[in-house]
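To start, the structure under review is shown below, and the notes come after it.
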Amino acid sequence: MSEDDRTRAMRSPGDGRPLPPKPNDGLRSGGAPAHEAPFGGPGARTHKLPAASQIPEPGSSSNEQPRAGSRVYGRARSGNSPVRPLRSKGGEPSGPRRARGRLSGKTILKIVAGVLVVLLVAAVGLFFWINSRIVGIEGVLDDYPGRVADTPGTNWLLVGSDSRKGLSAAQRKKLATGRAVGQRTDSMMLLHIPDTGDKPTLVSLPRDSAVTIPGKGRDKLNAAYNGGPQLLVRTVETVTGVRIDHYMEIGFAGFVSIVDAIGGVEINVRAAVDDPKAGLKLKKGTQVLNGAQALGYVRTRKGGALPDFERTKRQRQFLGAVVKKAASPGVLINPFTSIPLAMSATDAVTVDDGTGAFDMLSLGLAMGDSPVTTVVPFGGNEAVPSGGTAVKWDRVKALALFDALKNDKPVPQDIIDNK
């Protein structure tokens, strides 16, 4: 046995040292055993690298593409593309990239459209719900012989009554409303909304005005209300020549609830007020009034050379402030204020049976448009048969005022009360 054979026999495979080559050995693959396995026979297969003559020269070209016939995880891999190496952890995942979860333009449009549909359905549902809660008075605007013809624009008769309905004994004491039974008008206003797009006009009608009441003769305007809303509408139409399209009235309890529903209203109090009869004590300046304070503010007769006319000014000032805040986006968009407001308003007001939620919305928008405000021009007093004296209107100026409204034209500046 030669020295090389003895060396091969003594070394075990895999001891880490290279073995000397045997004569006529070809190139050996790295995975081939260093010697024949004991179970190998004449037909045993060995892994050998191709001979040097079989390896293509660098730079040589061939039209044949190498065929990838390897096996991946025990299965034959399809395709002819070369195998890509696996990425290490933390790198990009092997295989095609997955698209990130981004919303497409069409998906966004669908979402927006869905939200708009939900809001529209909710708004329509809220509208019909409010409309179903409105209380109407039958026959208020019924025709009668000699009624004035329809006039352009839209005219509202707004009445604030001194009704204590809905107030407990404790509330009447707190609000200083007294114990009077029944109801009388506490304020009356005529709102004209023109068709021309000009600003609306809000005219105070003093309740102590001397007027001719159909079937009753001369008396205070307040006496017409004692005969019911229908007689009041007929009286106003007769003395003004303006046809009333909508009627609305509100009592003390509703007045307070509406103000509280919108979180109070900001009023510029021009002079300090201390009126125990109205349960009111206010300092001068701009401040937020709650429901009870607001009620006292519009009822008090303190201040001014002509208390009743100062009172009508405060009523117009207050009504405009309430409606303007109620129609503000901060109140309407917020369901925590808009829904309580809708409930309070529908519980508080009574309208003619032809007025619905859409008409009330138009009223709110008109009042929020900073209407021109004034009072019927007056000139002295007049004794009335029922006793006492009533306020006598300045006939010439009053006719000019109502003629402007009747013809849907702006009220002359010299008639507007700017004091």
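Starting from 1 in every chain, residues are counted up; chains themselves are A, B, ... following the order of the structure tokens, and ligands are numbered from 1 as listed.
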
task = Quick one: everything within 10 Å of Gly354 in chain A, counting only C-alpha atoms, minus sequence neighbours fewer than 5 positions away in the same chain. Send it as a PyMOL selection string.
result = chain A and resi 136-141+245-247+359

message = Taking only range 93-333 of chain A into account, list the residues labelled helix (DSSP H, G or I) by DSSP (computed from the backbone), as a ChimeraX atom specification.
response = /A:105-133,169-175,221-226,229-240,252-261,276-278,291-299,307-326,329-332

message = Considering only C-alpha atoms, can you say which of A:Asp208, A:Glu266, A:Asp260, A:Asp275 comes closest to Gly291 in chain A?
response = A:Asp260

ask   = From the list A:Ile415, A:Val265, A:Leu282, A:Val211, which residue is nearest Thr374 in chain A when using only C-alpha atoms?
value =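 Counting only C-alpha atoms, the residue closest to Thr374 in chain A is A:Ile415.
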
request  = Give me every strand (DSSP E) residue in range 194-313 of chain A, going by DSSP on the backbone, as a PyMOL selection string.
outcome  = chain A and resi 201-204+210-213+217-220+246-250+265-269+273-275+280-282+285-289

Output N, CA, C and O atoms for every residue in that selection, as a tab-separated table (two decimals), in the first residue's frame.
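As a result, again-v4.tsv now contains:
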```
chain	number	residue	atom	x	y	z
A	201	THR	N	-89.44	94.99	7.15
A	201	THR	CA	-89.81	96.10	8.03
A	201	THR	C	-90.64	95.56	9.19
A	201	THR	O	-91.62	94.85	8.98
A	202	LEU	N	-90.22	95.91	10.42
A	202	LEU	CA	-90.92	95.47	11.61
A	202	LEU	C	-91.52	96.70	12.30
A	202	LEU	O	-90.80	97.60	12.73
A	203	VAL	N	-92.84	96.74	12.37
A	203	VAL	CA	-93.56	97.91	12.90
A	203	VAL	C	-94.28	97.53	14.20
A	203	VAL	O	-95.07	96.57	14.22
A	204	SER	N	-94.00	98.26	15.27
A	204	SER	CA	-94.71	98.05	16.53
A	204	SER	C	-96.08	98.73	16.47
A	204	SER	O	-96.19	99.88	16.04
A	210	ALA	N	-105.69	103.95	19.67
A	210	ALA	CA	-107.13	104.15	19.43
A	210	ALA	C	-107.46	103.74	18.01
A	210	ALA	O	-106.91	104.30	17.04
A	211	VAL	N	-108.31	102.72	17.85
A	211	VAL	CA	-108.66	102.21	16.53
A	211	VAL	C	-110.16	101.93	16.48
A	211	VAL	O	-110.84	101.90	17.52
A	212	THR	N	-110.64	101.71	15.27
A	212	THR	CA	-112.04	101.33	15.09
A	212	THR	C	-112.11	99.81	14.98
A	212	THR	O	-111.57	99.23	14.02
A	213	ILE	N	-112.78	99.19	15.93
A	213	ILE	CA	-112.91	97.73	15.93
A	213	ILE	C	-114.22	97.36	15.25
A	213	ILE	O	-115.29	97.86	15.64
A	217	GLY	N	-116.91	99.66	17.44
A	217	GLY	CA	-116.61	101.09	17.49
A	217	GLY	C	-115.19	101.38	17.95
A	217	GLY	O	-114.30	100.52	17.93
A	218	ARG	N	-114.97	102.62	18.40
A	218	ARG	CA	-113.63	103.07	18.80
A	218	ARG	C	-113.24	102.49	20.17
A	218	ARG	O	-114.02	102.50	21.12
A	219	ASP	N	-112.03	101.99	20.21
A	219	ASP	CA	-111.52	101.45	21.48
A	219	ASP	C	-110.02	101.22	21.32
A	219	ASP	O	-109.45	101.44	20.24
A	220	LYS	N	-109.41	100.75	22.36
A	220	LYS	CA	-107.99	100.42	22.30
A	220	LYS	C	-107.79	99.14	21.49
A	220	LYS	O	-108.64	98.24	21.50
A	246	HIS	N	-99.94	85.67	7.69
A	246	HIS	CA	-99.64	84.69	8.75
A	246	HIS	C	-99.84	85.35	10.12
A	246	HIS	O	-99.59	86.54	10.30
A	247	TYR	N	-100.27	84.51	11.07
A	247	TYR	CA	-100.50	85.00	12.43
A	247	TYR	C	-99.74	84.10	13.40
A	247	TYR	O	-99.74	82.86	13.28
A	248	MET	N	-99.07	84.71	14.40
A	248	MET	CA	-98.36	83.92	15.40
A	248	MET	C	-98.41	84.64	16.75
A	248	MET	O	-98.23	85.86	16.82
A	249	GLU	N	-98.65	83.89	17.82
A	249	GLU	CA	-98.65	84.49	19.15
A	249	GLU	C	-97.86	83.60	20.10
A	249	GLU	O	-97.71	82.39	19.88
A	250	ILE	N	-97.36	84.20	21.17
A	250	ILE	CA	-96.55	83.50	22.16
A	250	ILE	C	-96.88	84.05	23.54
A	250	ILE	O	-97.08	85.26	23.71
A	265	VAL	N	-79.67	85.52	25.51
A	265	VAL	CA	-79.53	86.42	24.37
A	265	VAL	C	-78.79	87.68	24.81
A	265	VAL	O	-78.99	88.17	25.93
A	266	GLU	N	-77.92	88.17	23.94
A	266	GLU	CA	-77.12	89.35	24.27
A	266	GLU	C	-77.89	90.62	23.93
A	266	GLU	O	-78.36	90.80	22.81
A	267	ILE	N	-78.02	91.50	24.92
A	267	ILE	CA	-78.77	92.75	24.76
A	267	ILE	C	-77.93	93.91	25.27
A	267	ILE	O	-77.28	93.80	26.32
A	268	ASN	N	-77.96	95.02	24.54
A	268	ASN	CA	-77.30	96.23	25.00
A	268	ASN	C	-78.33	97.06	25.78
A	268	ASN	O	-79.19	97.71	25.20
A	269	VAL	N	-78.24	96.99	27.10
A	269	VAL	CA	-79.16	97.73	27.97
A	269	VAL	C	-78.69	99.18	28.02
A	269	VAL	O	-77.60	99.47	28.51
A	273	VAL	N	-81.83	99.37	34.88
A	273	VAL	CA	-83.25	99.16	35.15
A	273	VAL	C	-83.42	98.50	36.52
A	273	VAL	O	-82.74	97.51	36.83
A	274	ASP	N	-84.31	99.05	37.32
A	274	ASP	CA	-84.65	98.46	38.62
A	274	ASP	C	-86.17	98.52	38.76
A	274	ASP	O	-86.74	99.55	39.10
A	275	ASP	N	-86.83	97.39	38.44
A	275	ASP	CA	-88.29	97.35	38.42
A	275	ASP	C	-88.77	96.11	39.16
A	275	ASP	O	-88.85	95.01	38.59
A	280	LEU	N	-87.11	92.70	37.82
A	280	LEU	CA	-85.93	92.97	36.99
A	280	LEU	C	-84.99	93.97	37.64
A	280	LEU	O	-85.43	95.01	38.15
A	281	LYS	N	-83.71	93.67	37.60
A	281	LYS	CA	-82.68	94.59	38.03
A	281	LYS	C	-81.46	94.38	37.14
A	281	LYS	O	-80.78	93.36	37.23
A	282	LEU	N	-81.21	95.34	36.24
A	282	LEU	CA	-80.14	95.21	35.27
A	282	LEU	C	-79.22	96.43	35.32
A	282	LEU	O	-79.68	97.54	35.55
A	285	GLY	N	-75.32	98.53	29.91
A	285	GLY	CA	-74.28	97.92	29.09
A	285	GLY	C	-74.72	96.62	28.44
A	285	GLY	O	-75.82	96.11	28.69
A	286	THR	N	-73.85	96.07	27.59
A	286	THR	CA	-74.15	94.83	26.88
A	286	THR	C	-73.98	93.64	27.82
A	286	THR	O	-72.95	93.51	28.50
A	287	GLN	N	-74.97	92.78	27.83
A	287	GLN	CA	-74.95	91.61	28.72
A	287	GLN	C	-75.87	90.53	28.16
A	287	GLN	O	-76.73	90.80	27.33
A	288	VAL	N	-75.66	89.31	28.65
A	288	VAL	CA	-76.48	88.18	28.23
A	288	VAL	C	-77.62	87.99	29.24
A	288	VAL	O	-77.36	87.83	30.44
A	289	LEU	N	-78.85	88.01	28.74
A	289	LEU	CA	-80.02	87.86	29.59
A	289	LEU	C	-80.58	86.44	29.47
A	289	LEU	O	-80.66	85.89	28.36
```
